[in-house]
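What follows is upload23.json (JSON, C-alpha atoms and all ligand atoms).
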```json
[["chain", "number", "residue", "atom", "x", "y", "z"],
["A", 1, "MET", "CA", 17.16, -10.49, 3.27],
["A", 2, "PRO", "CA", 15.11, -7.52, 4.40],
["A", 3, "TYR", "CA", 16.04, -5.79, 7.62],
["A", 4, "ILE", "CA", 13.51, -6.33, 10.40],
["A", 5, "CYS", "CA", 13.02, -3.48, 12.84],
["A", 6, "PRO", "CA", 13.41, -4.85, 16.37],
["A", 7, "LYS", "CA", 10.79, -2.45, 17.74],
["A", 8, "CYS", "CA", 7.86, -2.89, 15.38],
["A", 9, "GLU", "CA", 8.95, -6.08, 13.57],
["A", 10, "ARG", "CA", 8.31, -4.38, 10.24],
["A", 11, "GLU", "CA", 10.29, -5.59, 7.24],
["A", 12, "LEU", "CA", 12.41, -2.78, 5.85],
["A", 13, "ILE", "CA", 14.68, -2.37, 2.88],
["A", 14, "SER", "CA", 17.45, -1.13, 5.17],
["A", 15, "GLU", "CA", 17.99, -0.21, 8.78],
["A", 16, "HIS", "CA", 17.58, 3.48, 7.95],
["A", 17, "GLN", "CA", 14.35, 3.36, 6.00],
["A", 18, "SER", "CA", 11.88, 5.73, 7.60],
["A", 19, "HIS", "CA", 8.71, 4.01, 8.67],
["A", 20, "TYR", "CA", 5.83, 4.18, 11.08],
["A", 21, "CYS", "CA", 7.47, 2.45, 14.03],
["A", 22, "ALA", "CA", 4.64, 0.78, 15.88],
["A", 23, "LYS", "CA", 2.70, -2.37, 15.45],
["A", 24, "VAL", "CA", -0.59, -1.89, 13.65],
["A", 25, "SER", "CA", -2.74, -4.89, 13.03],
["A", 26, "LEU", "CA", -4.86, -5.32, 9.95],
["A", 27, "ASP", "CA", -7.80, -5.98, 12.23],
["A", 28, "ASP", "CA", -7.52, -2.41, 13.56],
["A", 29, "LEU", "CA", -7.47, -0.98, 10.05],
["A", 30, "PHE", "CA", -10.62, -2.84, 9.11],
["A", 31, "LYS", "CA", -12.43, -2.40, 12.40],
["A", 32, "GLY", "CA", -15.99, -1.27, 11.73],
["A", 33, "LYS", "CA", -15.58, -1.74, 7.98],
["A", 34, "SER", "CA", -17.70, -4.15, 5.95],
["A", 35, "ASP", "CA", -16.69, -7.76, 5.36],
["A", 36, "GLU", "CA", -16.71, -7.17, 1.62],
["A", 37, "LEU", "CA", -14.00, -4.57, 2.01],
["A", 38, "LEU", "CA", -11.83, -7.00, 3.94],
["A", 39, "LEU", "CA", -12.52, -9.71, 1.37],
["A", 40, "LEU", "CA", -11.51, -7.39, -1.44],
["A", 41, "PHE", "CA", -8.39, -6.40, 0.43],
["A", 42, "ASP", "CA", -7.50, -10.06, 1.03],
["A", 43, "LYS", "CA", -7.67, -10.67, -2.72],
["A", 44, "LEU", "CA", -5.39, -7.74, -3.48],
["A", 45, "LEU", "CA", -3.00, -8.76, -0.73],
["A", 46, "ALA", "CA", -2.83, -12.36, -1.94],
["A", 47, "GLU", "CA", -2.08, -11.13, -5.44],
["A", 48, "VAL", "CA", 0.52, -8.48, -4.70],
["A", 49, "ALA", "CA", 2.27, -10.13, -1.74],
["A", 50, "ASP", "CA", 3.37, -12.89, -4.10],
["A", 51, "TRP", "CA", 5.27, -10.51, -6.35],
["A", 52, "PRO", "CA", 9.03, -10.85, -5.89],
["A", 53, "ASP", "CA", 10.72, -8.70, -3.20],
["A", 54, "VAL", "CA", 7.59, -6.91, -2.11],
["A", 55, "LEU", "CA", 7.42, -5.80, 1.50],
["A", 56, "VAL", "CA", 4.01, -5.21, 3.03],
["A", 57, "GLY", "CA", 3.69, -2.65, 5.80],
["A", 58, "THR", "CA", 0.82, -1.36, 7.89],
["A", 59, "THR", "CA", 0.33, 2.15, 9.21],
["A", 60, "PRO", "CA", -2.66, 3.48, 11.20],
["A", 61, "ASN", "CA", -4.34, 4.59, 7.94],
["A", 62, "CYS", "CA", -3.20, 2.35, 5.16],
["A", 63, "ILE", "CA", -1.33, -0.69, 3.93],
["A", 64, "THR", "CA", 1.79, -0.02, 1.89],
["A", 65, "PHE", "CA", 3.54, -2.26, -0.63],
["A", 66, "VAL", "CA", 7.20, -1.51, -1.17],
["A", 67, "HIS", "CA", 9.59, -2.66, -3.84],
["A", 68, "ARG", "CA", 12.65, -0.40, -3.52],
["A", 69, "GLN", "CA", 10.09, 2.34, -2.95],
["A", 70, "THR", "CA", 6.40, 2.41, -2.19],
["A", 71, "PHE", "CA", 4.43, 1.54, -5.32],
["A", 72, "PHE", "CA", 1.02, 0.66, -3.98],
["A", 73, "VAL", "CA", -1.04, 1.99, -1.09],
["A", 74, "ILE", "CA", -4.38, 0.65, 0.06],
["A", 75, "ARG", "CA", -6.41, 2.87, 2.37],
["A", 76, "PRO", "CA", -9.61, 1.40, 3.76],
["A", 77, "MET", "CA", -12.34, 4.05, 3.63],
["A", 78, "GLN", "CA", -15.80, 3.70, 5.16],
["A", 79, "LYS", "CA", -17.38, 2.01, 2.11],
["A", 80, "GLN", "CA", -14.52, 1.63, -0.34],
["A", 81, "LEU", "CA", -10.85, 0.94, -0.68],
["A", 82, "ASP", "CA", -8.77, 3.88, -1.79],
["A", 83, "LEU", "CA", -6.06, 2.49, -4.05],
["A", 84, "LYS", "CA", -3.00, 4.43, -5.06],
["A", 85, "PHE", "CA", -0.71, 2.81, -7.57],
["A", 86, "TYR", "CA", 2.52, 4.53, -8.47],
["A", 87, "SER", "CA", 3.65, 3.87, -11.99],
["A", 88, "VAL", "CA", 6.27, 5.28, -14.31],
["A", 89, "LYS", "CA", 3.76, 5.45, -17.14],
["A", 90, "PRO", "CA", 0.17, 6.68, -16.94],
["A", 91, "ILE", "CA", -2.22, 3.77, -16.48],
["A", 92, "GLU", "CA", -4.59, 3.79, -19.42],
["A", 93, "ILE", "CA", -7.70, 2.28, -17.94],
["A", 94, "PRO", "CA", -10.89, 4.40, -17.99],
["A", 95, "GLN", "CA", -11.75, 3.56, -14.36],
["A", 96, "VAL", "CA", -8.36, 4.78, -13.15],
["A", 97, "LYS", "CA", -7.80, 8.45, -12.54],
["A", 98, "THR", "CA", -4.20, 9.29, -13.29],
["A", 99, "ILE", "CA", -2.57, 12.16, -11.48],
["A", 100, "ALA", "CA", 0.92, 13.27, -12.42],
["A", 101, "THR", "CA", 2.88, 13.94, -9.27],
["A", 102, "GLY", "CA", 4.73, 17.21, -9.10],
["A", 103, "GLN", "CA", 8.10, 16.25, -7.70],
["A", 104, "VAL", "CA", 9.11, 13.47, -10.02],
["A", 105, "SER", "CA", 8.17, 14.23, -13.59],
["A", 106, "LYS", "CA", 8.22, 10.61, -14.66],
["A", 107, "GLN", "CA", 5.99, 9.40, -11.87],
["A", 108, "HIS", "CA", 2.27, 9.23, -12.11],
["A", 109, "GLN", "CA", -0.18, 8.46, -9.46],
["A", 110, "ALA", "CA", -3.36, 6.59, -10.11],
["A", 111, "LYS", "CA", -6.28, 6.79, -7.80],
["A", 112, "GLN", "CA", -9.16, 4.43, -8.08],
["A", 113, "HIS", "CA", -12.47, 4.55, -6.32],
["A", 114, "GLN", "CA", -14.76, 1.61, -6.48],
["B", 1, "ZN", "ZN", 10.22, 0.12, 13.59]]
```
Mind turning this structure into structure tokens?
Amino acid sequence: MPYICPKCERELISEHQSHYCAKVSLDDLFKGKSDELLLLFDKLLAEVADWPDVLVGTTPNCITFVHRQTFFVIRPMQKQLDLKFYSVKPIEIPQVKTIATGQVSKQHQAKQHQ
């Protein structure tokens, strides 16, 4: 059972997980953005939220997906969704730009613009 913060009602891995402690609604994140963006986000959300033990959180800038640690971040931009997918191995898809993160040598960060 995930821990639920009494202040922001966010699902957390444990009581001590740091998080943005305020309620942010998805409507606010997509305010002024195109319907297509929201539609695309809904598809991603429906797909990833079904994965086992994934917690979905919202901050003022992005939507985070956590399984033990954050592995996927969706940031709604003006005309696109900025997707960051954290993976142990580089993702070998031409459309995905892989960036090795400095701190953890095994972790790679993929950034996709569409
Ligand atoms: Zn909280």
Point to revise | stretch 9-18 of chain A environment, 12 Å, all atoms listed in the file, sequence neighbours closer than 2 positions dropped, as a PyMOL selection string | key: chain A and resi 1-7+20-25+53-59+64-70
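For the pair atom CA of A:Val48 and atom CA of A:Ala100, the interatomic distance is 23.1 Å.
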Practice item. Find the spatial neighbours of stretch 44-47 of chain A, counting all atoms listed in the file, within a cut-off of 10 Å - ignore same-chain residues fewer than 4 positions away - and output them as a count of residues only. Key: 8
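Going from atom CA of A:Pro90 to atom CA of A:Pro52 covers 22.5 Å.
Among A:His19, A:Arg75, A:Lys43, A:Lys84, the residue with the shortest atom-to-atom distance to A:Cys62, counting all atoms listed in the file, is A:Arg75.
If you look at atom CA of A:Met77 and atom CA of A:Lys33, they are 7.9 Å away from each other.
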